[in-house]
Amino acid sequence: MTPFEIGAAAIAGLVVLILIGMPIGVAMLAASFLGVAAIRNETVAARMMAQVANDSLEEYLFAVVPLFVLMGLLVTVSGVGKDTFDVFRQLLKRVTAGLGVATVFANAVFAAITGISIASATVFSRIAVPEMQRHGYTRRFATGVVAGSSVLGMLIPPSLLMIVYAVLAEQSVGRMFLAGIGPGLLLAAAFTVTIFVMALVRPESVFEHGDEAPHEDIGGWQIARKSVPILALIIAVLGGLYGGFLNPTEAGAAGAFGALVIALLRRSLDRRTFWRLLVETGQITVSVLFLILAATFFSRMLALSGVPRVLAEFFLSGNVGPYGFLLIYILLIVLLGCLIDSISIMLIVLPVALPVADAAGFDLIWFGVMTVIAVEIGLLTPPFGLSVYTIKSALDDEGLTVGEIFRGAVPFVFAMLASLVIIALFPAIATALANL
């Protein structure tokens with residue numbers, strides 16, 4: 001067999017191993033080792049695996065992963081999510097479908113603190129859904145808004161997916177964070193427009209009885225008190241990062257420390273809870289870093305086989321062209337999102353796609369934003385739809401079905417697809433800030 005055929009067989013073998021239930025990281029290591037052994041020999045494969053384990057995880061940058069994860073978990077238990085929702089609920093009380101819009105904006109701000117979509121889905125399913133139902137919103141709409149807006153957690157910086165992409169694409173984490181701001185705001189605006197259109201065109205899909213129940217007022221002092229921790233964390237993390245005072249790892253440390261102080265001041269963190277959060281942080285971090293190690297080995301195996309080069313020639317020299325490749329790539333990611341989780345999708349497709357995108361002349365920062373949005377669509381699509389299942393498990397409602405949440409999220413999936421088209425047509429939305 002030629003190296004290309006071995007590489008293609010390794011990709012096929014990886015898919016088979018995943019389908020029969022093998023953990024994705026283990027499957028990637030096995031396919032990569034066998035691929036390199038077939039192209040060269042077992043000794044080279046073993047040495048390459050050892051070298052990858054050293055090279056891929058020794059970077060100082062990787063300290064940012066546990067820090068941002070810990071910050072997100074601390075913010076979740078400290079009640080900052082509820083405060084964010086309360087502030088926007090009061091500010092938007094006179095707006096049509098104001099609680100839905102408040103959920104979107106609160107998720108956008110919460111995303112700038114946590115960077116994890118599942119954290120957003122967990123928090124706002126417990127806060128926003130009961131509140132919207134109490135004010136006359138339909139259950140389908142309420143859960144759909146939370147599911148849709150939760151994806152902002154992986155686009156608006158800081159974002160765990162942005163960090164993973166930056167590592168795999170060898171791009172600056174800071175530039176990736178900057179590139180997520182414009183598309184994140186665009187996506188929030190698209191969700192807001194979607195809510196307005198639904199409320200005006202089909203109010204029965206938004207409100208149980210055709211209109212919204214009146215809101216209780218929150219005093220100005222309460223709004224100020226609830227806003228201070230939110231603004232302090234955003235300034236500490238994003239202000240320090242974009243002001244040039246902190247690198248990404250230091251910004252993560254500042255955010256984690258700030259979230260710890262807030263949780264302690266609010267007395268929402270006892271010794272047992274803190275230990276549980278530390279253990280959960282370690283588990284998430286180890287799983288992410290192990291997947292990055294496996295993906296790095298897989299990428300080197302593919303480079304040795306020549307598969308990316310052949311695919312680049314096929315897509316770019318034939319009738320498909322660069323944007324034909326982009327369309328196929330986006331569709332593939334959305335389809336994979338129906339089956340596996342976000343990080344796994346990126347680790348599987350990027351080693352193959354990045355060399356093709358680079359050869360096509362795409363800006364890899366812009367390509368990363370397109371990738372993250374497409375991957376996040378998978379959080380809302382059946383049968384996997386991780387955000388949907390998170391909302392279902394977080395709500396103690398036996399009458400609520402997973403299918404109802406999926407149907408509620410459909411308008412927001414279309415909003416995300418429309419945003420993808422806009423960013424494809426106007427790349428500066430993603431690249432303008434990153435190129436400053």
# chains A, B, ... in the order shown; residues from 1 in each chain; ligands from 1
>>> residues_around(residues="Pro248 of chain A", least_positions_apart="3", cutoff="10 Å", atoms="only C-alpha atoms", output="list of chain:residue names")
A:Leu61, A:Phe62, A:Ala63, A:Val64, A:Val65, A:Leu67, A:Phe68, A:Pro158, A:Ile163, A:Ser172, A:Val173, A:Gly174, A:Phe177, A:Val237, A:Leu238, A:Gly240, A:Leu241, A:Tyr242, A:Gly244, A:Ala251, A:Gly252, A:Ala253, A:Ala254
>>> residues_around(residues="segment 325-337 of chain A", least_positions_apart="2", cutoff="7 Å", atoms="only C-alpha atoms", output="list in words")
Phe315, Val320, Gly321, Pro322, Tyr323, Leu339, Ile340, Asp341, Ser342, Ile345, Ala374, Val375, Ile377, Gly378 and Leu379 of chain A
>>> write_last_selection(atoms="C-alpha atoms", output="mmCIF file, in the first residue's frame")
data_model
loop_
_atom_site.group_PDB
_atom_site.id
_atom_site.type_symbol
_atom_site.label_atom_id
_atom_site.label_comp_id
_atom_site.auth_asym_id
_atom_site.auth_seq_id
_atom_site.Cartn_x
_atom_site.Cartn_y
_atom_site.Cartn_z
ATOM 1 C CA PHE A 315 -10.329 20.409 -3.983
ATOM 2 C CA VAL A 320 -14.813 22.144 -6.446
ATOM 3 C CA GLY A 321 -12.682 25.193 -5.667
ATOM 4 C CA PRO A 322 -11.930 26.857 -2.318
ATOM 5 C CA TYR A 323 -15.517 27.805 -1.464
ATOM 6 C CA LEU A 339 -23.247 12.330 16.524
ATOM 7 C CA ILE A 340 -20.256 13.482 18.612
ATOM 8 C CA ASP A 341 -19.195 16.357 20.864
ATOM 9 C CA SER A 342 -17.666 19.680 19.818
ATOM 10 C CA ILE A 345 -15.246 17.050 15.911
ATOM 11 C CA ALA A 374 -20.439 25.219 12.647
ATOM 12 C CA VAL A 375 -19.339 22.977 15.517
ATOM 13 C CA ILE A 377 -24.655 24.075 15.651
ATOM 14 C CA GLY A 378 -24.114 20.449 16.628
ATOM 15 C CA LEU A 379 -25.043 21.338 20.225
#
>>> closest_residue(among="A:Leu354, A:Val402, A:Ile39, A:Leu74", to="Arg309 of chain A", atoms="only C-alpha atoms")
A:Leu354
>>> closest_residue(among="A:Leu246, A:Leu29, A:Ala430, A:Ile24", to="Ile181 of chain A", atoms="only C-alpha atoms")
A:Ala430
>>> residues_around(residues="segment 278-289 of chain A", least_positions_apart="2", cutoff="9 Å", atoms="only C-alpha atoms", output="list in words")
Gly25, Ser56, Leu57, Phe62, Val65, Pro66, Leu67, Val69, Leu70, Leu73, Val164, Thr273, Phe274, Trp275, Arg276, Leu291, Ile292, Leu293, Ala294 and Ile343 of chain A
>>> write_last_selection(atoms="N, CA and C atoms", output="mmCIF file, in the first residue's frame")
data_model
loop_
_atom_site.group_PDB
_atom_site.id
_atom_site.type_symbol
_atom_site.label_atom_id
_atom_site.label_comp_id
_atom_site.auth_asym_id
_atom_site.auth_seq_id
_atom_site.Cartn_x
_atom_site.Cartn_y
_atom_site.Cartn_z
ATOM 1 N N GLY A 25 -10.177 9.669 21.898
ATOM 2 C CA GLY A 25 -8.739 9.851 22.068
ATOM 3 C C GLY A 25 -7.960 8.564 21.874
ATOM 4 N N SER A 56 3.546 18.208 22.422
ATOM 5 C CA SER A 56 2.205 18.787 22.341
ATOM 6 C C SER A 56 1.695 19.339 23.664
ATOM 7 N N LEU A 57 2.287 18.894 24.799
ATOM 8 C CA LEU A 57 1.750 19.306 26.089
ATOM 9 C C LEU A 57 2.720 20.102 26.955
ATOM 10 N N PHE A 62 -0.829 25.818 27.730
ATOM 11 C CA PHE A 62 -1.843 24.851 28.136
ATOM 12 C C PHE A 62 -2.322 25.058 29.574
ATOM 13 N N VAL A 65 -6.024 26.196 30.071
ATOM 14 C CA VAL A 65 -7.199 25.310 30.047
ATOM 15 C C VAL A 65 -7.782 25.108 31.446
ATOM 16 N N PRO A 66 -7.009 24.603 32.433
ATOM 17 C CA PRO A 66 -7.605 24.424 33.764
ATOM 18 C C PRO A 66 -8.044 25.728 34.405
ATOM 19 N N LEU A 67 -7.344 26.830 34.100
ATOM 20 C CA LEU A 67 -7.683 28.101 34.734
ATOM 21 C C LEU A 67 -9.042 28.612 34.268
ATOM 22 N N VAL A 69 -11.398 26.778 32.870
ATOM 23 C CA VAL A 69 -12.406 25.802 33.303
ATOM 24 C C VAL A 69 -12.788 26.054 34.759
ATOM 25 N N LEU A 70 -11.787 26.248 35.622
ATOM 26 C CA LEU A 70 -12.056 26.516 37.038
ATOM 27 C C LEU A 70 -12.836 27.815 37.203
ATOM 28 N N LEU A 73 -16.492 27.170 36.380
ATOM 29 C CA LEU A 73 -17.189 26.392 37.410
ATOM 30 C C LEU A 73 -17.445 27.233 38.668
ATOM 31 N N VAL A 164 -8.528 25.429 21.837
ATOM 32 C CA VAL A 164 -8.202 24.168 21.157
ATOM 33 C C VAL A 164 -7.874 24.422 19.700
ATOM 34 N N THR A 273 -17.609 21.681 48.363
ATOM 35 C CA THR A 273 -17.912 22.142 47.006
ATOM 36 C C THR A 273 -16.642 22.535 46.270
ATOM 37 N N PHE A 274 -15.742 23.223 46.969
ATOM 38 C CA PHE A 274 -14.496 23.639 46.340
ATOM 39 C C PHE A 274 -13.670 22.433 45.889
ATOM 40 N N TRP A 275 -13.605 21.401 46.743
ATOM 41 C CA TRP A 275 -12.867 20.193 46.364
ATOM 42 C C TRP A 275 -13.506 19.525 45.145
ATOM 43 N N ARG A 276 -14.855 19.497 45.116
ATOM 44 C CA ARG A 276 -15.557 18.901 43.968
ATOM 45 C C ARG A 276 -15.246 19.673 42.683
ATOM 46 N N LEU A 291 -6.990 14.541 24.459
ATOM 47 C CA LEU A 291 -7.516 14.614 23.096
ATOM 48 C C LEU A 291 -6.602 15.436 22.196
ATOM 49 N N ILE A 292 -6.035 16.524 22.736
ATOM 50 C CA ILE A 292 -5.099 17.327 21.944
ATOM 51 C C ILE A 292 -3.854 16.514 21.595
ATOM 52 N N LEU A 293 -3.336 15.749 22.552
ATOM 53 C CA LEU A 293 -2.186 14.877 22.298
ATOM 54 C C LEU A 293 -2.502 13.893 21.169
ATOM 55 N N ALA A 294 -3.680 13.243 21.266
ATOM 56 C CA ALA A 294 -4.060 12.260 20.252
ATOM 57 C C ALA A 294 -4.216 12.916 18.890
ATOM 58 N N ILE A 343 -15.466 19.274 20.793
ATOM 59 C CA ILE A 343 -14.005 19.178 20.749
ATOM 60 C C ILE A 343 -13.574 17.994 19.887
#
>>> residues_around(residues="segment 7-17 of chain A", least_positions_apart="2", cutoff="12 Å", atoms="only C-alpha atoms", output="ChimeraX atom specification")
/A:1-5,19-39,294-295,298-311,336,339-340,344-345,347-349,351-352
>>> write_last_selection(atoms="C-alpha atoms", output="PDB file, in the first residue's frame")
ATOM      1  CA  MET A   1       0.000   0.000   0.000  1.00  0.00           C
ATOM      2  CA  THR A   2       1.122   3.553  -0.729  1.00  0.00           C
ATOM      3  CA  PRO A   3       1.418   6.056   2.150  1.00  0.00           C
ATOM      4  CA  PHE A   4      -1.723   7.823   0.878  1.00  0.00           C
ATOM      5  CA  GLU A   5      -3.703   4.572   0.949  1.00  0.00           C
ATOM      6  CA  LEU A  19     -18.764   4.008  15.740  1.00  0.00           C
ATOM      7  CA  ILE A  20     -18.217   0.814  17.745  1.00  0.00           C
ATOM      8  CA  GLY A  21     -17.832   2.885  20.908  1.00  0.00           C
ATOM      9  CA  MET A  22     -14.097   3.253  21.508  1.00  0.00           C
ATOM     10  CA  PRO A  23     -13.191   6.561  23.241  1.00  0.00           C
ATOM     11  CA  ILE A  24     -12.170   9.085  20.593  1.00  0.00           C
ATOM     12  CA  GLY A  25      -8.739   9.851  22.068  1.00  0.00           C
ATOM     13  CA  VAL A  26      -7.821   6.175  22.303  1.00  0.00           C
ATOM     14  CA  ALA A  27      -9.139   5.542  18.784  1.00  0.00           C
ATOM     15  CA  MET A  28      -7.018   8.386  17.379  1.00  0.00           C
ATOM     16  CA  LEU A  29      -3.887   7.098  19.113  1.00  0.00           C
ATOM     17  CA  ALA A  30      -4.490   3.560  17.847  1.00  0.00           C
ATOM     18  CA  ALA A  31      -5.174   4.650  14.249  1.00  0.00           C
ATOM     19  CA  SER A  32      -2.169   6.977  14.287  1.00  0.00           C
ATOM     20  CA  PHE A  33       0.223   4.388  15.720  1.00  0.00           C
ATOM     21  CA  LEU A  34      -0.843   1.707  13.234  1.00  0.00           C
ATOM     22  CA  GLY A  35      -0.669   4.220  10.381  1.00  0.00           C
ATOM     23  CA  VAL A  36       2.882   5.323  11.180  1.00  0.00           C
ATOM     24  CA  ALA A  37       3.941   1.709  11.785  1.00  0.00           C
ATOM     25  CA  ALA A  38       2.590   0.725   8.354  1.00  0.00           C
ATOM     26  CA  ILE A  39       4.271   3.670   6.591  1.00  0.00           C
ATOM     27  CA  ALA A 294      -4.060  12.260  20.252  1.00  0.00           C
ATOM     28  CA  ALA A 295      -5.028  14.818  17.596  1.00  0.00           C
ATOM     29  CA  PHE A 298      -3.042  11.922  14.184  1.00  0.00           C
ATOM     30  CA  SER A 299      -2.058  15.136  12.367  1.00  0.00           C
ATOM     31  CA  ARG A 300       1.596  14.038  12.089  1.00  0.00           C
ATOM     32  CA  MET A 301       0.563  10.634  10.799  1.00  0.00           C
ATOM     33  CA  LEU A 302      -1.581  12.289   8.106  1.00  0.00           C
ATOM     34  CA  ALA A 303       1.256  14.635   7.132  1.00  0.00           C
ATOM     35  CA  LEU A 304       3.549  11.595   6.787  1.00  0.00           C
ATOM     36  CA  SER A 305       0.985   9.867   4.563  1.00  0.00           C
ATOM     37  CA  GLY A 306       0.435  12.848   2.272  1.00  0.00           C
ATOM     38  CA  VAL A 307      -3.377  12.767   2.607  1.00  0.00           C
ATOM     39  CA  PRO A 308      -3.770  16.540   3.224  1.00  0.00           C
ATOM     40  CA  ARG A 309      -1.634  17.376   0.181  1.00  0.00           C
ATOM     41  CA  VAL A 310      -3.636  15.080  -2.099  1.00  0.00           C
ATOM     42  CA  LEU A 311      -6.934  16.458  -0.773  1.00  0.00           C
ATOM     43  CA  LEU A 336     -20.787  15.192  12.747  1.00  0.00           C
ATOM     44  CA  LEU A 339     -23.247  12.330  16.524  1.00  0.00           C
ATOM     45  CA  ILE A 340     -20.256  13.482  18.612  1.00  0.00           C
ATOM     46  CA  SER A 344     -13.924  15.699  19.221  1.00  0.00           C
ATOM     47  CA  ILE A 345     -15.246  17.050  15.911  1.00  0.00           C
ATOM     48  CA  LEU A 347      -9.786  17.132  16.661  1.00  0.00           C
ATOM     49  CA  ILE A 348     -10.933  14.730  13.939  1.00  0.00           C
ATOM     50  CA  VAL A 349     -11.466  17.116  11.013  1.00  0.00           C
ATOM     51  CA  PRO A 351      -5.745  17.759  10.926  1.00  0.00           C
ATOM     52  CA  VAL A 352      -7.159  17.051   7.457  1.00  0.00           C
TER      53      VAL A 352
END
>>> residues_around(residues="Ile373 of chain A", least_positions_apart="6", cutoff="8 Å", atoms="only C-alpha atoms", output="list in words")
Leu155, Met416 and Leu420 of chain A
>>> write_last_selection(atoms="C-alpha atoms", output="compact mmCIF listing (two decimals), in the first residue's frame")
# COMPACT_ATOMS: atom_id res chain seq x y z
CA LEU A 155 -17.71 31.92 20.58
CA MET A 416 -26.67 30.43 13.19
CA LEU A 420 -22.28 31.70 8.96
>>> closest_residue(among="A:Val372, A:Met176, A:Ala97, A:Ala424", to="Arg202 of chain A", atoms="only C-alpha atoms")
A:Ala97
>>> atom_distance(atom1="atom CA of Gly408 of chain A", atom2="atom CA of Arg140 of chain A")
4.9 Å
>>> residues_around(residues="Leu152 of chain A", least_positions_apart="2", cutoff="10 Å", atoms="only C-alpha atoms", output="list in words")
Val104, Phe105, Asn107, Ala108, Val109, Phe110, Ala111, Ala112, Gly115, Ile116, Ser117, Ser120, Ala147, Gly148, Ser149, Ser150, Met154, Leu155, Ile156, Pro157, Ser159, Gly180, Pro183, Gly184, Leu185, Leu187, Ala188, Ile373 and Glu376 of chain A
>>> closest_residue(among="A:Leu380, A:Val80, A:Val87, A:Ile423", to="Val151 of chain A", atoms="only C-alpha atoms")
A:Leu380
>>> residues_around(residues="Ala259 of chain A", least_positions_apart="3", cutoff="9 Å", atoms="only C-alpha atoms", output="list in words")
Leu70, Met71, Gly72, Leu73, Leu74, Val75, Ser78, Pro229, Leu233, Ala254, Gly255, Ala256, Ile262, Ala263 and Leu264 of chain A
>>> select_by_dssp(residues="segment 87-325 of chain A", states="helix (DSSP H, G or I)", output="CSV table (one decimal) with C-alpha atoms, in the first residue's frame")
chain,number,residue,atom,x,y,z
A,87,VAL,CA,-30.0,42.9,35.3
A,88,PHE,CA,-31.0,42.3,31.7
A,89,ARG,CA,-34.5,41.3,32.7
A,90,GLN,CA,-34.9,44.8,34.3
A,91,LEU,CA,-33.2,46.7,31.5
A,98,GLY,CA,-38.0,41.0,26.7
A,99,LEU,CA,-37.3,38.0,28.8
A,100,GLY,CA,-36.2,36.1,25.7
A,101,VAL,CA,-33.9,38.9,24.6
A,102,ALA,CA,-32.7,39.3,28.2
A,103,THR,CA,-31.7,35.6,28.1
A,104,VAL,CA,-29.7,36.1,24.9
A,105,PHE,CA,-27.8,39.1,26.3
A,106,ALA,CA,-27.3,37.5,29.7
A,107,ASN,CA,-25.8,34.5,28.0
A,108,ALA,CA,-23.6,36.7,25.9
A,109,VAL,CA,-22.2,38.4,29.0
A,110,PHE,CA,-22.0,35.1,30.9
A,111,ALA,CA,-20.0,33.7,27.9
A,112,ALA,CA,-17.5,36.5,28.4
A,113,ILE,CA,-16.9,35.1,31.9
A,114,THR,CA,-17.1,31.3,31.5
A,117,SER,CA,-21.5,26.5,26.5
A,118,ILE,CA,-22.7,23.6,28.8
A,119,ALA,CA,-22.2,25.8,31.8
A,120,SER,CA,-24.4,28.5,30.2
A,121,ALA,CA,-27.1,25.9,29.4
A,122,THR,CA,-27.1,24.5,32.9
A,123,VAL,CA,-27.3,27.9,34.6
A,124,PHE,CA,-29.9,29.5,32.4
A,125,SER,CA,-32.1,26.5,32.2
A,126,ARG,CA,-32.6,26.7,35.9
A,127,ILE,CA,-32.9,30.5,36.0
A,128,ALA,CA,-34.5,31.7,32.8
A,129,VAL,CA,-36.8,28.9,31.8
A,130,PRO,CA,-38.9,29.0,35.1
A,131,GLU,CA,-39.0,32.8,35.0
A,132,MET,CA,-40.2,32.9,31.3
A,133,GLN,CA,-42.9,30.3,32.0
A,134,ARG,CA,-44.0,32.3,35.0
A,139,ARG,CA,-42.1,26.0,27.4
A,140,ARG,CA,-40.9,25.2,23.9
A,141,PHE,CA,-39.8,28.8,23.3
A,142,ALA,CA,-38.2,29.2,26.7
A,143,THR,CA,-36.1,26.1,26.4
A,144,GLY,CA,-35.3,26.9,22.8
A,145,VAL,CA,-34.0,30.4,23.7
A,146,VAL,CA,-31.7,28.9,26.4
A,147,ALA,CA,-30.4,26.2,24.1
A,148,GLY,CA,-29.8,28.6,21.3
A,149,SER,CA,-28.1,31.4,23.2
A,150,SER,CA,-26.0,28.9,25.3
A,151,VAL,CA,-23.8,28.4,22.2
A,152,LEU,CA,-22.4,31.9,22.7
A,153,GLY,CA,-20.3,30.5,25.4
A,154,MET,CA,-17.9,28.9,22.9
A,160,LEU,CA,-12.3,26.7,25.3
A,161,LEU,CA,-13.0,25.8,21.7
A,162,MET,CA,-11.0,28.8,20.5
A,163,ILE,CA,-8.1,27.7,22.6
A,164,VAL,CA,-8.2,24.2,21.2
A,165,TYR,CA,-8.4,25.5,17.6
A,166,ALA,CA,-5.5,28.0,18.2
A,167,VAL,CA,-3.3,25.1,19.4
A,168,LEU,CA,-4.2,22.8,16.5
A,169,ALA,CA,-3.8,25.6,13.9
A,173,VAL,CA,-5.0,32.5,21.3
A,174,GLY,CA,-5.3,36.2,21.8
A,175,ARG,CA,-6.1,36.8,18.2
A,176,MET,CA,-8.6,34.0,18.2
A,177,PHE,CA,-10.3,35.6,21.2
A,178,LEU,CA,-10.4,39.0,19.4
A,179,ALA,CA,-11.8,37.3,16.3
A,180,GLY,CA,-14.7,35.8,18.3
A,181,ILE,CA,-16.1,39.2,19.5
A,182,GLY,CA,-17.6,40.4,16.2
A,183,PRO,CA,-19.2,37.1,15.3
A,184,GLY,CA,-20.4,36.6,18.8
A,185,LEU,CA,-22.2,40.0,18.8
A,186,LEU,CA,-23.6,39.2,15.3
A,187,LEU,CA,-24.9,35.9,16.6
A,188,ALA,CA,-26.5,37.6,19.6
A,189,ALA,CA,-28.1,40.1,17.2
A,190,ALA,CA,-29.3,37.3,15.0
A,191,PHE,CA,-30.9,35.5,18.0
A,192,THR,CA,-32.6,38.8,19.0
A,193,VAL,CA,-34.0,39.4,15.6
A,194,THR,CA,-35.3,35.8,15.5
A,195,ILE,CA,-37.1,36.4,18.8
A,196,PHE,CA,-38.7,39.6,17.6
A,197,VAL,CA,-39.8,38.0,14.3
A,198,MET,CA,-41.3,35.0,16.2
A,199,ALA,CA,-43.1,37.4,18.6
A,200,LEU,CA,-44.6,39.5,15.8
A,201,VAL,CA,-45.4,36.9,13.2
A,203,PRO,CA,-47.0,35.2,19.0
A,204,GLU,CA,-48.7,31.9,19.9
A,205,SER,CA,-45.3,30.2,19.5
A,220,GLY,CA,-31.5,50.8,40.8
A,221,TRP,CA,-29.3,49.9,43.8
A,222,GLN,CA,-29.9,46.2,43.3
A,223,ILE,CA,-29.0,46.4,39.6
A,224,ALA,CA,-25.8,48.2,40.5
A,225,ARG,CA,-25.0,45.6,43.2
A,226,LYS,CA,-25.6,42.7,40.8
A,227,SER,CA,-23.6,44.3,38.0
A,228,VAL,CA,-20.4,44.9,39.9
A,229,PRO,CA,-19.1,41.3,40.1
A,230,ILE,CA,-20.0,40.8,36.4
A,231,LEU,CA,-18.1,43.9,35.3
A,232,ALA,CA,-15.2,43.2,37.6
A,233,LEU,CA,-14.6,39.7,36.1
A,234,ILE,CA,-14.9,41.0,32.5
A,235,ILE,CA,-12.5,43.8,33.2
A,236,ALA,CA,-10.0,41.5,34.9
A,237,VAL,CA,-10.0,38.9,32.2
A,238,LEU,CA,-10.7,40.7,28.9
A,239,GLY,CA,-9.5,44.1,29.9
A,240,GLY,CA,-6.2,42.6,31.1
A,241,LEU,CA,-5.9,40.5,28.0
A,242,TYR,CA,-6.7,43.0,25.4
A,248,PRO,CA,-3.9,34.4,28.0
A,249,THR,CA,-2.7,32.2,30.8
A,250,GLU,CA,-2.3,35.1,33.2
A,251,ALA,CA,-5.8,36.3,32.3
A,252,GLY,CA,-7.2,32.9,33.1
A,253,ALA,CA,-5.4,33.0,36.5
A,254,ALA,CA,-6.8,36.5,37.2
A,255,GLY,CA,-10.3,35.3,36.2
A,256,ALA,CA,-10.1,32.2,38.3
A,257,PHE,CA,-8.9,34.2,41.3
A,258,GLY,CA,-11.6,36.8,40.8
A,259,ALA,CA,-14.3,34.1,40.6
A,260,LEU,CA,-13.0,32.5,43.8
A,261,VAL,CA,-13.1,35.8,45.6
A,262,ILE,CA,-16.7,36.4,44.5
A,263,ALA,CA,-17.8,32.9,45.5
A,264,LEU,CA,-16.1,33.3,48.9
A,265,LEU,CA,-17.6,36.7,49.6
A,271,ARG,CA,-14.8,23.2,51.5
A,272,ARG,CA,-16.6,20.2,50.0
A,273,THR,CA,-17.9,22.1,47.0
A,274,PHE,CA,-14.5,23.6,46.3
A,275,TRP,CA,-12.9,20.2,46.4
A,276,ARG,CA,-15.6,18.9,44.0
A,277,LEU,CA,-14.9,21.8,41.6
A,278,LEU,CA,-11.1,21.2,41.7
A,279,VAL,CA,-11.7,17.5,40.9
A,280,GLU,CA,-14.1,18.4,38.0
A,281,THR,CA,-11.6,20.9,36.7
A,282,GLY,CA,-8.9,18.2,36.7
A,283,GLN,CA,-11.1,15.7,34.9
A,284,ILE,CA,-12.1,18.2,32.2
A,285,THR,CA,-8.5,19.4,31.7
A,286,VAL,CA,-7.0,15.9,31.5
A,287,SER,CA,-9.6,14.8,28.9
A,288,VAL,CA,-9.0,17.9,26.8
A,289,LEU,CA,-5.2,17.6,26.9
A,290,PHE,CA,-5.3,13.9,26.2
A,291,LEU,CA,-7.5,14.6,23.1
A,292,ILE,CA,-5.1,17.3,21.9
A,293,LEU,CA,-2.2,14.9,22.3
A,294,ALA,CA,-4.1,12.3,20.3
A,295,ALA,CA,-5.0,14.8,17.6
A,296,THR,CA,-1.4,16.0,17.3
A,297,PHE,CA,-0.2,12.4,16.7
A,298,PHE,CA,-3.0,11.9,14.2
A,299,SER,CA,-2.1,15.1,12.4
A,300,ARG,CA,1.6,14.0,12.1
A,301,MET,CA,0.6,10.6,10.8
A,302,LEU,CA,-1.6,12.3,8.1
A,303,ALA,CA,1.3,14.6,7.1
A,304,LEU,CA,3.5,11.6,6.8
A,305,SER,CA,1.0,9.9,4.6
A,307,VAL,CA,-3.4,12.8,2.6
A,308,PRO,CA,-3.8,16.5,3.2
A,309,ARG,CA,-1.6,17.4,0.2
A,310,VAL,CA,-3.6,15.1,-2.1
A,311,LEU,CA,-6.9,16.5,-0.8
A,312,ALA,CA,-5.7,20.0,-1.3
A,313,GLU,CA,-4.9,19.2,-4.9
A,314,PHE,CA,-8.3,17.6,-5.4
A,315,PHE,CA,-10.3,20.4,-4.0
A,316,LEU,CA,-8.3,23.3,-5.3
A,317,SER,CA,-7.3,22.2,-8.8
A,321,GLY,CA,-12.7,25.2,-5.7
A,322,PRO,CA,-11.9,26.9,-2.3
A,323,TYR,CA,-15.5,27.8,-1.5
A,324,GLY,CA,-16.8,24.4,-2.6
A,325,PHE,CA,-14.4,22.9,-0.1
